[in-house]
>>> print(open('target-v9.txt').read())   # compact mmCIF, C-alpha atoms and all ligand atoms
# COMPACT_ATOMS: atom_id res chain seq x y z
CA MET A 721 4.51 8.75 11.80
CA ASP A 722 3.15 8.79 8.24
CA LYS A 723 1.22 11.76 6.88
CA VAL A 724 -1.07 10.87 4.01
CA LEU A 725 -2.38 13.10 1.23
CA VAL A 726 -5.48 11.94 -0.67
CA ILE A 727 -5.83 13.69 -4.04
CA GLY A 728 -9.39 13.47 -5.32
CA ALA A 729 -10.79 13.00 -1.80
CA CYS A 730 -14.28 14.21 -2.74
CA GLY A 731 -14.73 11.64 -5.51
CA GLN A 732 -16.50 8.26 -5.40
CA LEU A 733 -13.46 6.32 -4.17
CA GLY A 734 -11.72 9.16 -2.35
CA SER A 735 -14.60 10.00 -0.07
CA GLU A 736 -14.63 6.46 1.34
CA LEU A 737 -10.89 5.78 1.19
CA THR A 738 -10.16 8.95 3.19
CA HIS A 739 -12.22 7.51 6.06
CA GLY A 740 -10.59 4.08 5.68
CA LEU A 741 -7.14 5.68 5.89
CA SER A 742 -8.08 7.68 8.99
CA LYS A 743 -8.69 4.36 10.79
CA VAL A 744 -5.10 3.35 10.00
CA PHE A 745 -3.24 6.64 10.45
CA GLY A 746 -5.60 8.77 12.59
CA GLN A 747 -7.75 11.59 11.22
CA ASP A 748 -5.11 14.26 11.94
CA ASN A 749 -2.62 12.45 9.72
CA VAL A 750 -4.83 12.24 6.64
CA ILE A 751 -5.10 15.39 4.52
CA ALA A 752 -8.02 15.46 2.08
CA SER A 753 -7.60 17.42 -1.15
CA ASP A 754 -9.62 17.98 -4.28
CA ILE A 755 -9.93 20.38 -7.20
CA SER A 756 -13.48 21.14 -6.04
CA ASN A 757 -14.76 22.55 -2.75
CA PRO A 758 -14.87 20.19 0.23
CA ASN A 759 -18.06 18.14 0.52
CA SER A 760 -19.63 16.46 3.56
CA ALA A 761 -17.55 13.30 2.96
CA VAL A 762 -14.37 15.10 4.08
CA GLU A 763 -15.90 16.92 7.05
CA GLY A 764 -13.54 16.81 10.03
CA PHE A 765 -10.46 16.36 7.82
CA GLN A 766 -7.85 19.02 7.09
CA PHE A 767 -8.61 20.03 3.51
CA GLU A 768 -6.57 21.61 0.69
CA ARG A 769 -7.83 22.81 -2.69
CA LEU A 770 -5.39 21.14 -5.06
CA ASP A 771 -5.08 20.89 -8.83
CA VAL A 772 -2.73 17.99 -9.55
CA MET A 773 -1.89 19.56 -12.93
CA ASP A 774 -0.10 22.28 -10.93
CA ALA A 775 3.12 20.49 -9.94
CA GLU A 776 4.48 23.42 -7.94
CA GLY A 777 1.27 23.94 -5.95
CA THR A 778 1.06 20.19 -5.26
CA ALA A 779 4.69 20.11 -4.06
CA GLU A 780 4.02 23.06 -1.74
CA ILE A 781 1.09 21.28 -0.09
CA ILE A 782 3.22 18.13 0.31
CA ASP A 783 5.93 20.21 2.06
CA LYS A 784 3.46 22.19 4.17
CA HIS A 785 2.01 19.03 5.74
CA GLY A 786 5.19 16.90 5.76
CA ILE A 787 3.43 14.33 3.56
CA THR A 788 5.06 10.87 3.36
CA GLN A 789 2.40 8.97 1.34
CA VAL A 790 0.23 10.13 -1.55
CA TYR A 791 -2.95 8.47 -2.78
CA HIS A 792 -3.47 10.04 -6.21
CA LEU A 793 -7.06 9.23 -7.25
CA ALA A 794 -7.98 12.15 -9.52
CA ALA A 795 -8.82 10.95 -13.05
CA ILE A 796 -11.32 11.24 -15.88
CA LEU A 797 -13.19 7.93 -16.26
CA SER A 798 -14.03 5.93 -19.40
CA ALA A 799 -17.33 7.39 -20.64
CA LYS A 800 -16.49 11.00 -19.78
CA GLY A 801 -13.03 10.64 -21.33
CA GLU A 802 -14.52 9.78 -24.72
CA GLU A 803 -16.26 13.18 -24.80
CA ASN A 804 -12.94 15.00 -24.73
CA PRO A 805 -10.01 12.62 -25.31
CA GLN A 806 -7.20 15.22 -25.33
CA TRP A 807 -8.35 16.69 -22.03
CA ALA A 808 -8.71 13.24 -20.42
CA TRP A 809 -5.27 12.13 -21.62
CA ASN A 810 -3.67 15.33 -20.42
CA LEU A 811 -5.22 15.22 -16.97
CA ASN A 812 -4.72 11.50 -16.41
CA MET A 813 -1.08 11.49 -17.57
CA THR A 814 0.20 14.86 -16.36
CA GLY A 815 -1.34 14.32 -12.94
CA LEU A 816 0.38 10.96 -12.51
CA LEU A 817 3.74 12.15 -13.85
CA ASN A 818 3.66 15.17 -11.51
CA ILE A 819 3.13 12.88 -8.52
CA LEU A 820 5.79 10.35 -9.57
CA GLU A 821 8.31 13.12 -10.10
CA ILE A 822 7.53 14.71 -6.73
CA ALA A 823 7.77 11.27 -5.07
CA LYS A 824 11.21 10.81 -6.62
CA GLU A 825 12.46 14.30 -5.71
CA LYS A 826 11.13 14.27 -2.16
CA ASN A 827 11.73 10.60 -1.41
CA LEU A 828 8.10 9.98 -0.49
CA ARG A 829 7.66 6.65 1.31
CA LYS A 830 4.79 5.38 -0.86
CA VAL A 831 2.47 6.35 -3.68
CA TYR A 832 -0.89 4.78 -4.55
CA TRP A 833 -2.38 5.18 -8.02
CA PRO A 834 -5.45 3.34 -9.30
CA SER A 835 -5.49 1.54 -12.62
CA SER A 836 -8.56 -0.16 -14.06
CA ILE A 837 -9.90 -3.13 -16.01
CA ALA A 838 -10.06 -0.53 -18.82
CA VAL A 839 -6.40 -1.38 -19.58
CA PHE A 840 -7.77 -4.47 -21.36
CA GLY A 841 -9.24 -4.34 -24.84
CA PRO A 842 -10.99 -6.29 -27.59
CA SER A 843 -8.16 -8.82 -28.09
CA THR A 844 -7.75 -9.56 -24.37
CA PRO A 845 -9.13 -12.97 -23.25
CA VAL A 846 -12.51 -12.05 -21.71
CA ASP A 847 -12.98 -14.84 -19.15
CA ASN A 848 -10.67 -14.99 -16.14
CA THR A 849 -8.43 -12.39 -17.74
CA PRO A 850 -4.88 -13.15 -16.54
CA GLN A 851 -2.54 -10.70 -14.79
CA HIS A 852 -0.20 -10.71 -17.78
CA THR A 853 -1.98 -10.82 -21.14
CA VAL A 854 -2.76 -8.94 -24.36
CA MET A 855 -3.67 -5.31 -23.56
CA ASP A 856 -5.10 -3.24 -26.41
CA PRO A 857 -7.35 -0.63 -24.72
CA ASN A 858 -9.47 1.41 -27.11
CA THR A 859 -10.72 4.19 -24.82
CA VAL A 860 -8.59 7.20 -23.94
CA TYR A 861 -9.12 6.32 -20.27
CA GLY A 862 -7.84 2.78 -20.85
CA ILE A 863 -4.89 4.00 -22.89
CA SER A 864 -3.96 6.48 -20.15
CA LYS A 865 -4.24 3.76 -17.48
CA GLN A 866 -2.09 1.37 -19.50
CA ALA A 867 0.55 4.06 -20.09
CA GLY A 868 0.31 5.00 -16.40
CA GLU A 869 1.05 1.41 -15.40
CA ARG A 870 4.21 1.49 -17.51
CA TRP A 871 5.26 4.78 -15.89
CA CYS A 872 4.67 3.36 -12.38
CA GLU A 873 6.86 0.36 -13.12
CA TYR A 874 9.47 2.65 -14.70
CA TYR A 875 9.69 4.93 -11.64
CA PHE A 876 9.94 1.88 -9.37
CA GLU A 877 12.67 0.20 -11.45
CA LYS A 878 14.73 3.31 -12.29
CA TYR A 879 14.29 5.48 -9.21
CA GLY A 880 13.05 3.15 -6.48
CA VAL A 881 9.72 5.00 -6.04
CA ASP A 882 7.50 2.65 -4.00
CA VAL A 883 4.39 3.04 -6.13
CA ARG A 884 1.59 0.48 -5.85
CA SER A 885 -1.55 0.02 -7.90
CA ILE A 886 -4.72 -2.00 -8.41
CA ARG A 887 -6.72 -2.50 -11.61
CA TYR A 888 -10.13 -1.75 -10.14
CA PRO A 889 -13.22 -3.34 -11.59
CA GLY A 890 -16.45 -1.27 -11.48
CA LEU A 891 -16.76 0.12 -7.93
CA ILE A 892 -20.17 0.12 -6.29
CA GLY A 893 -20.86 2.10 -3.13
CA TYR A 894 -23.90 3.70 -1.55
CA LYS A 895 -22.15 6.59 0.24
CA SER A 896 -21.12 8.49 -2.89
CA LEU A 897 -21.98 8.73 -6.57
CA PRO A 898 -19.68 7.75 -9.42
CA GLY A 899 -18.98 10.18 -12.24
CA GLY A 900 -18.47 9.35 -15.88
CA GLY A 901 -17.79 5.61 -15.86
CA THR A 902 -19.21 2.74 -17.92
CA THR A 903 -19.95 0.74 -14.78
CA ASP A 904 -21.94 3.59 -13.13
CA TYR A 905 -25.27 1.91 -13.95
CA ALA A 906 -24.63 -0.54 -11.10
CA VAL A 907 -24.83 2.36 -8.61
CA ASP A 908 -27.68 4.29 -10.29
CA ILE A 909 -29.86 1.15 -10.33
CA TYR A 910 -30.12 1.09 -6.50
CA HIS A 911 -31.15 4.76 -6.38
CA LYS A 912 -33.93 4.20 -8.93
CA ALA A 913 -35.09 1.00 -7.23
CA LEU A 914 -35.39 2.72 -3.84
CA ALA A 915 -37.17 5.71 -5.39
CA GLY A 916 -39.74 3.26 -6.79
CA GLU A 917 -38.81 4.28 -10.33
CA HIS A 918 -38.29 2.26 -13.50
CA PHE A 919 -34.62 1.89 -14.51
CA GLU A 920 -33.48 2.18 -18.10
CA CYS A 921 -30.06 0.57 -18.36
CA PHE A 922 -27.51 1.88 -20.87
CA LEU A 923 -25.97 -1.61 -21.22
CA SER A 924 -27.63 -4.73 -22.60
CA GLU A 925 -29.08 -7.25 -20.15
CA ASP A 926 -26.34 -9.86 -20.63
CA THR A 927 -23.27 -7.60 -20.42
CA TYR A 928 -21.03 -9.20 -17.80
CA LEU A 929 -18.48 -6.95 -16.13
CA PRO A 930 -16.15 -7.40 -13.16
CA MET A 931 -17.40 -5.35 -10.19
CA MET A 932 -16.55 -4.78 -6.52
CA TYR A 933 -18.39 -3.47 -3.48
CA MET A 934 -16.70 -0.39 -2.01
CA PRO A 935 -15.75 -1.91 1.39
CA ASP A 936 -13.82 -4.59 -0.51
CA ALA A 937 -12.13 -1.94 -2.67
CA ILE A 938 -11.06 0.04 0.42
CA LYS A 939 -9.75 -3.13 2.06
CA ALA A 940 -7.84 -4.19 -1.08
CA THR A 941 -6.24 -0.74 -1.38
CA ILE A 942 -5.14 -0.52 2.24
CA ASP A 943 -3.99 -4.17 2.33
CA LEU A 944 -1.80 -3.59 -0.73
CA MET A 945 -0.39 -0.34 0.64
CA GLU A 946 0.34 -1.86 4.06
CA ALA A 947 1.91 -5.05 2.65
CA PRO A 948 5.68 -5.44 3.12
CA ALA A 949 7.45 -4.04 0.03
CA GLU A 950 9.01 -7.42 -0.79
CA ASN A 951 5.52 -8.95 -1.18
CA VAL A 952 4.55 -6.36 -3.79
CA LYS A 953 6.01 -8.09 -6.83
CA VAL A 954 3.86 -6.43 -9.50
CA ARG A 955 4.82 -2.78 -9.94
CA SER A 956 2.56 -2.04 -12.90
CA SER A 957 -0.84 -2.85 -11.36
CA TYR A 958 -2.57 -5.85 -9.76
CA ASN A 959 -5.67 -7.61 -11.08
CA VAL A 960 -8.19 -7.80 -8.22
CA SER A 961 -11.68 -9.19 -8.54
CA ALA A 962 -14.73 -9.86 -6.43
CA ILE A 963 -18.02 -10.22 -8.36
CA SER A 964 -19.04 -10.52 -12.01
CA PHE A 965 -22.64 -9.91 -12.99
CA SER A 966 -24.84 -8.65 -15.79
CA PRO A 967 -27.54 -5.93 -15.55
CA SER A 968 -30.27 -8.59 -15.49
CA GLU A 969 -28.56 -10.36 -12.58
CA ILE A 970 -28.20 -7.22 -10.45
CA ALA A 971 -31.85 -6.39 -11.24
CA ALA A 972 -32.89 -9.88 -10.11
CA SER A 973 -30.96 -9.46 -6.85
CA ILE A 974 -32.84 -6.19 -6.21
CA GLN A 975 -36.20 -7.76 -7.13
CA LYS A 976 -35.72 -10.31 -4.33
CA HIS A 977 -36.10 -7.36 -1.91
CA LEU A 978 -38.25 -5.05 -4.07
CA PRO A 979 -40.42 -7.28 -6.32
CA GLU A 980 -42.04 -4.27 -8.05
CA PHE A 981 -38.72 -3.02 -9.43
CA SER A 982 -38.61 -2.93 -13.25
CA ILE A 983 -35.77 -2.53 -15.73
CA SER A 984 -35.44 -2.11 -19.50
CA TYR A 985 -32.35 -1.99 -21.71
CA HIS A 986 -31.35 0.74 -24.10
CA PRO A 987 -27.62 0.29 -24.94
CA ASP A 988 -25.82 3.52 -25.91
CA PHE A 989 -22.21 4.56 -26.69
CA ARG A 990 -21.06 2.84 -23.48
CA GLN A 991 -22.02 -0.62 -24.79
CA PRO A 992 -18.93 -1.00 -27.04
CA ILE A 993 -16.74 0.18 -24.17
CA ALA A 994 -18.19 -2.52 -21.91
CA ASP A 995 -17.89 -5.09 -24.72
CA SER A 996 -14.15 -4.38 -24.98
CA TRP A 997 -13.61 -5.18 -21.26
CA PRO A 998 -13.32 -8.57 -19.53
CA ASN A 999 -16.27 -10.55 -18.16
CA SER A 1000 -14.24 -11.77 -15.20
CA ILE A 1001 -10.71 -11.40 -13.83
CA ASP A 1002 -8.08 -13.84 -12.59
CA ASP A 1003 -6.59 -12.23 -9.50
CA SER A 1004 -4.56 -15.20 -8.22
CA VAL A 1005 -1.34 -13.14 -8.28
CA ALA A 1006 -2.78 -10.59 -5.80
CA ARG A 1007 -4.13 -13.45 -3.67
CA ASN A 1008 -0.69 -15.12 -3.54
CA ASP A 1009 1.45 -11.99 -3.16
CA TRP A 1010 -0.44 -10.06 -0.45
CA GLY A 1011 -3.37 -12.23 0.55
CA TRP A 1012 -6.24 -10.49 -1.27
CA LYS A 1013 -9.71 -11.95 -0.61
CA GLU A 1014 -13.09 -10.29 -1.10
CA ALA A 1015 -15.89 -10.39 1.48
CA TYR A 1016 -18.98 -9.45 -0.57
CA ASP A 1017 -20.84 -11.30 -3.30
CA LEU A 1018 -23.78 -9.84 -5.25
CA GLU A 1019 -26.46 -10.87 -2.72
CA ALA A 1020 -24.51 -9.58 0.28
CA MET A 1021 -23.83 -6.28 -1.51
CA THR A 1022 -27.47 -5.74 -2.52
CA THR A 1023 -28.72 -6.53 0.99
CA ASP A 1024 -26.23 -4.07 2.53
CA ILE A 1025 -26.98 -1.27 0.05
CA LEU A 1026 -30.76 -1.59 0.30
CA LYS A 1027 -30.46 -1.51 4.11
CA ASN A 1028 -28.14 1.52 4.33
CA LEU A 1029 -28.85 3.71 1.30
CA PRO A 1030 -32.37 4.89 2.25
CA GLU A 1031 -31.19 7.13 5.10
CA LEU A 1032 -28.54 8.75 2.88
CA ILE A 1033 -30.83 9.47 -0.08
CA PRO A 1034 -31.73 13.02 1.12
CA SER A 1035 -28.01 13.93 1.08
CA PHE A 1036 -27.84 13.18 -2.68
CA GLN A 1037 -30.76 15.49 -3.53
C1 LIG B 1101 -15.30 3.15 -15.52
O1 LIG B 1101 -16.37 2.57 -15.76
O2 LIG B 1101 -14.77 3.94 -16.30
C2 LIG B 1101 -14.60 2.83 -14.22
C3 LIG B 1101 -13.59 1.75 -14.38
C4 LIG B 1101 -14.00 0.37 -14.65
O3 LIG B 1101 -12.42 2.01 -14.24
N1 LIG B 1101 -15.56 2.47 -13.22
>>> encode(input="target-v9.txt", output="structure tokens", more="lines below")
Ligand code: AKB
Amino acid sequence: MDKVLVIGACGQLGSELTHGLSKVFGQDNVIASDISNPNSAVEGFQFERLDVMDAEGTAEIIDKHGITQVYHLAAILSAKGEENPQWAWNLNMTGLLNILEIAKEKNLRKVYWPSSIAVFGPSTPVDNTPQHTVMDPNTVYGISKQAGERWCEYYFEKYGVDVRSIRYPGLIGYKSLPGGGTTDYAVDIYHKALAGEHFECFLSEDTYLPMMYMPDAIKATIDLMEAPAENVKVRSSYNVSAISFSPSEIAASIQKHLPEFSISYHPDFRQPIADSWPNSIDDSVARNDWGWKEAYDLEAMTTDILKNLPELIPSFQ
């Protein structure tokens, strides 16, 4: 029986993935961990305080619980990373290298590590960005994700570590808040709309970015991790895509439900980051290799969020 450790379980992705994994492995077999105190998202799970920069402490927790699979989600995202590049590089790289080394030493069955569309840069083709293409990231987050992809492939090729990865687009969920990304506006906008407040967007109205609703992201992650190893032919990271939209399009989808909702645009330092990323992604390799297919488009996502978010709003205050 597999025992799964989620590192970064209290974050935007971790708090939903932990629940997704408990449906596969059973709640007793999923250990939630984070550098911060446990939050309500991990209630009912065994929890460990864990700093992934501390290799020895991480290895001890892996031994203590007989862990066979690690989902290493802890990272500094694009916008936050630009505030302190050295810190972001150090955390993003050392954390990954600690986990890969432990996986090698302890023969862990599988490792999951998220990459991002931030691996692409200004010279990358922006429409239907291919799996294999020019990658010249110009944020420290993107540089660390690109380097991380190379390390994942290296540990797979040289040491047989079964590490798998997805280049996530912007992730949008209503159960948790993002922290420090360039795509965060697409979560904040729903909170403002439901509060009856005006939304000032930090990206321009026509900035297209690849995005994905959280249930699709959880499904993609678990589908990749549960796929037979021989189907996982990309050992750097897979392109996956679902939706591409601009701020004005997401606003229009909200206005269909809440006609009073208003938005204005005030691009800031995150605009050039968004401009360096693709508009849309070609994920045909993931579709062919392990059968990836999204379920939600923009309208379906907006309808679901506006239906379910209102009852959770008090928990964010
Ligand atoms: C960010 O905006 O930094 C992240 C990402 C696209 O990886 N959401």
>>> residues_around(input="target-v9.txt", residues="Asp882 (chain A)", least_positions_apart="5", cutoff="8 Å", atoms="all atoms listed in the file", output="PyMOL selection string")
chain A and resi 829-831+876+949
>>> closest_atom_pairs(input="target-v9.txt", of="chain A", to="ligand LIG 1101 (chain B)", cutoff="10 Å", atoms="only C-alpha atoms and all ligand atoms", output="CSV")
residue,atom,partner,partner_atom,distance
A:Gln732,CA,B:LIG1101,N1,9.8
A:Ala795,CA,B:LIG1101,O3,9.7
A:Ile796,CA,B:LIG1101,O2,8.1
A:Leu797,CA,B:LIG1101,O2,4.3
A:Ser798,CA,B:LIG1101,O2,3.8
A:Ala799,CA,B:LIG1101,O2,6.1
A:Lys800,CA,B:LIG1101,O2,8.1
A:Gly801,CA,B:LIG1101,O2,8.6
A:Pro834,CA,B:LIG1101,O3,8.6
A:Ser835,CA,B:LIG1101,O3,7.1
A:Ser836,CA,B:LIG1101,O3,4.4
A:Ile837,CA,B:LIG1101,C4,5.6
A:Ala838,CA,B:LIG1101,O3,5.7
A:Val839,CA,B:LIG1101,O3,8.7
A:Thr859,CA,B:LIG1101,O2,9.4
A:Tyr861,CA,B:LIG1101,O2,7.3
A:Gly862,CA,B:LIG1101,O3,8.1
A:Lys865,CA,B:LIG1101,O3,9.0
A:Arg887,CA,B:LIG1101,O3,7.7
A:Tyr888,CA,B:LIG1101,O3,6.0
A:Pro889,CA,B:LIG1101,C4,4.9
A:Gly890,CA,B:LIG1101,N1,4.2
A:Leu891,CA,B:LIG1101,N1,5.9
A:Ile892,CA,B:LIG1101,N1,8.6
A:Pro898,CA,B:LIG1101,N1,7.7
A:Gly899,CA,B:LIG1101,N1,8.5
A:Gly900,CA,B:LIG1101,O2,6.6
A:Gly901,CA,B:LIG1101,O1,3.4
A:Thr902,CA,B:LIG1101,O1,3.6
A:Thr903,CA,B:LIG1101,O1,4.1
A:Asp904,CA,B:LIG1101,O1,6.2
A:Tyr905,CA,B:LIG1101,O1,9.1
A:Ala906,CA,B:LIG1101,N1,9.8
A:Leu929,CA,B:LIG1101,C4,8.7
A:Pro930,CA,B:LIG1101,C4,8.2
A:Met931,CA,B:LIG1101,C4,8.0
A:Met932,CA,B:LIG1101,N1,9.9
A:Arg990,CA,B:LIG1101,O1,9.0
A:Ile993,CA,B:LIG1101,O1,8.8
A:Ala994,CA,B:LIG1101,O1,8.2
A:Trp997,CA,B:LIG1101,C4,8.6
>>> residues_around(input="target-v9.txt", residues="Ser864 (chain A)", least_positions_apart="6", cutoff="9 Å", atoms="all atoms listed in the file", output="list in words")
Ala808, Trp809, Asn810, Asn812, Met813 and Val839 of chain A
>>> closest_residue(input="target-v9.txt", among="A:Phe981, A:Phe989, A:Phe840, A:Tyr1016", to="Ala915 (chain A)", atoms="all atoms listed in the file")
A:Phe981
>>> closest_residue(input="target-v9.txt", among="A:Asp748, A:Glu736, A:Asp908, A:Glu920", to="Ser984 (chain A)", atoms="only C-alpha atoms")
A:Glu920
>>> residues_around(input="target-v9.txt", residues="Thr1023 (chain A)", least_positions_apart="6", cutoff="10 Å", atoms="only C-alpha atoms", output="compact mmCIF listing (two decimals) with C-alpha atoms, in the coordinates of the input")
# COMPACT_ATOMS: atom_id res chain seq x y z
CA SER A 973 -30.96 -9.46 -6.85
CA ILE A 974 -32.84 -6.19 -6.21
CA LYS A 976 -35.72 -10.31 -4.33
CA HIS A 977 -36.10 -7.36 -1.91
>>> residues_near_point(input="target-v9.txt", point="(-25.6, -6.6, 1.8)", cutoff="12 Å", atoms="all atoms listed in the file", output="list in words")
Ile892, Gly893, Tyr894, Tyr933, Met934, Pro935, Ser973, Ile974, His977, Ala1015, Tyr1016, Asp1017, Leu1018, Glu1019, Ala1020, Met1021, Thr1022, Thr1023, Asp1024, Ile1025, Leu1026, Lys1027, Asn1028 and Leu1029 of chain A
>>> write_last_selection(input="target-v9.txt", atoms="C-alpha atoms", output="PDB file, keeping the file's coordinate frame")
ATOM      1  CA  ILE A 892     -20.170   0.120  -6.290  1.00  0.00           C
ATOM      2  CA  GLY A 893     -20.860   2.100  -3.130  1.00  0.00           C
ATOM      3  CA  TYR A 894     -23.900   3.700  -1.550  1.00  0.00           C
ATOM      4  CA  TYR A 933     -18.390  -3.470  -3.480  1.00  0.00           C
ATOM      5  CA  MET A 934     -16.700  -0.390  -2.010  1.00  0.00           C
ATOM      6  CA  PRO A 935     -15.750  -1.910   1.390  1.00  0.00           C
ATOM      7  CA  SER A 973     -30.960  -9.460  -6.850  1.00  0.00           C
ATOM      8  CA  ILE A 974     -32.840  -6.190  -6.210  1.00  0.00           C
ATOM      9  CA  HIS A 977     -36.100  -7.360  -1.910  1.00  0.00           C
ATOM     10  CA  ALA A1015     -15.890 -10.390   1.480  1.00  0.00           C
ATOM     11  CA  TYR A1016     -18.980  -9.450  -0.570  1.00  0.00           C
ATOM     12  CA  ASP A1017     -20.840 -11.300  -3.300  1.00  0.00           C
ATOM     13  CA  LEU A1018     -23.780  -9.840  -5.250  1.00  0.00           C
ATOM     14  CA  GLU A1019     -26.460 -10.870  -2.720  1.00  0.00           C
ATOM     15  CA  ALA A1020     -24.510  -9.580   0.280  1.00  0.00           C
ATOM     16  CA  MET A1021     -23.830  -6.280  -1.510  1.00  0.00           C
ATOM     17  CA  THR A1022     -27.470  -5.740  -2.520  1.00  0.00           C
ATOM     18  CA  THR A1023     -28.720  -6.530   0.990  1.00  0.00           C
ATOM     19  CA  ASP A1024     -26.230  -4.070   2.530  1.00  0.00           C
ATOM     20  CA  ILE A1025     -26.980  -1.270   0.050  1.00  0.00           C
ATOM     21  CA  LEU A1026     -30.760  -1.590   0.300  1.00  0.00           C
ATOM     22  CA  LYS A1027     -30.460  -1.510   4.110  1.00  0.00           C
ATOM     23  CA  ASN A1028     -28.140   1.520   4.330  1.00  0.00           C
ATOM     24  CA  LEU A1029     -28.850   3.710   1.300  1.00  0.00           C
TER      25      LEU A1029
END
>>> residues_around(input="target-v9.txt", residues="region 821-828 of chain A", least_positions_apart="4", cutoff="9 Å", atoms="only C-alpha atoms", output="PyMOL selection string")
chain A and resi 775+778-779+782-783+787-790+816-817+875+879-883
>>> atom_distance(input="target-v9.txt", atom1="CA of Thr738 (chain A)", atom2="CA of Ile819 (chain A)")
18.1 Å
>>> closest_residue(input="target-v9.txt", among="A:Val726, A:Ala940, A:Met945, A:Leu978", to="Lys1013 (chain A)", atoms="all atoms listed in the file")
A:Ala940
>>> atom_distance(input="target-v9.txt", atom1="CA of Glu946 (chain A)", atom2="CA of Ala794 (chain A)")
21.2 Å
>>> decode(input="target-v9.txt", residues="region 845-890 of chain A", atoms="C-alpha atoms", output="CSV table (one decimal), in the first residue's frame")
chain,number,residue,atom,x,y,z
A,845,PRO,CA,5.9,30.9,-29.9
A,846,VAL,CA,2.9,32.4,-28.1
A,847,ASP,CA,0.0,30.6,-29.8
A,848,ASN,CA,-0.4,26.8,-29.2
A,849,THR,CA,3.0,26.7,-27.6
A,850,PRO,CA,4.4,23.3,-28.5
A,851,GLN,CA,5.7,20.7,-25.9
A,852,HIS,CA,9.3,21.1,-27.3
A,853,THR,CA,10.2,24.7,-28.2
A,854,VAL,CA,12.3,27.7,-27.4
A,855,MET,CA,12.4,28.3,-23.6
A,856,ASP,CA,13.9,31.6,-22.5
A,857,PRO,CA,12.2,32.4,-19.1
A,858,ASN,CA,12.9,35.8,-17.7
A,859,THR,CA,11.5,35.5,-14.2
A,860,VAL,CA,13.4,33.8,-11.4
A,861,TYR,CA,10.4,31.5,-10.9
A,862,GLY,CA,10.5,30.5,-14.6
A,863,ILE,CA,14.2,30.0,-14.6
A,864,SER,CA,13.9,27.8,-11.5
A,865,LYS,CA,11.1,25.8,-13.1
A,866,GLN,CA,13.1,25.3,-16.3
A,867,ALA,CA,16.2,24.2,-14.4
A,868,GLY,CA,14.0,22.0,-12.2
A,869,GLU,CA,12.6,20.2,-15.4
A,870,ARG,CA,16.2,19.5,-16.4
A,871,TRP,CA,17.0,18.1,-13.0
A,872,CYS,CA,13.9,15.9,-13.1
A,873,GLU,CA,14.8,14.4,-16.4
A,874,TYR,CA,18.4,14.0,-15.2
A,875,TYR,CA,17.4,12.0,-12.1
A,876,PHE,CA,15.1,9.8,-14.2
A,877,GLU,CA,17.7,9.1,-16.8
A,878,LYS,CA,20.7,8.6,-14.5
A,879,TYR,CA,19.2,7.1,-11.4
A,880,GLY,CA,15.8,5.8,-12.5
A,881,VAL,CA,13.8,8.1,-10.1
A,882,ASP,CA,10.2,8.0,-11.3
A,883,VAL,CA,9.5,11.7,-11.2
A,884,ARG,CA,6.6,13.1,-13.1
A,885,SER,CA,5.6,16.7,-13.8
A,886,ILE,CA,3.0,19.1,-15.4
A,887,ARG,CA,3.6,22.6,-16.6
A,888,TYR,CA,0.5,24.1,-15.0
A,889,PRO,CA,-1.2,27.1,-16.5
A,890,GLY,CA,-2.8,29.6,-14.1
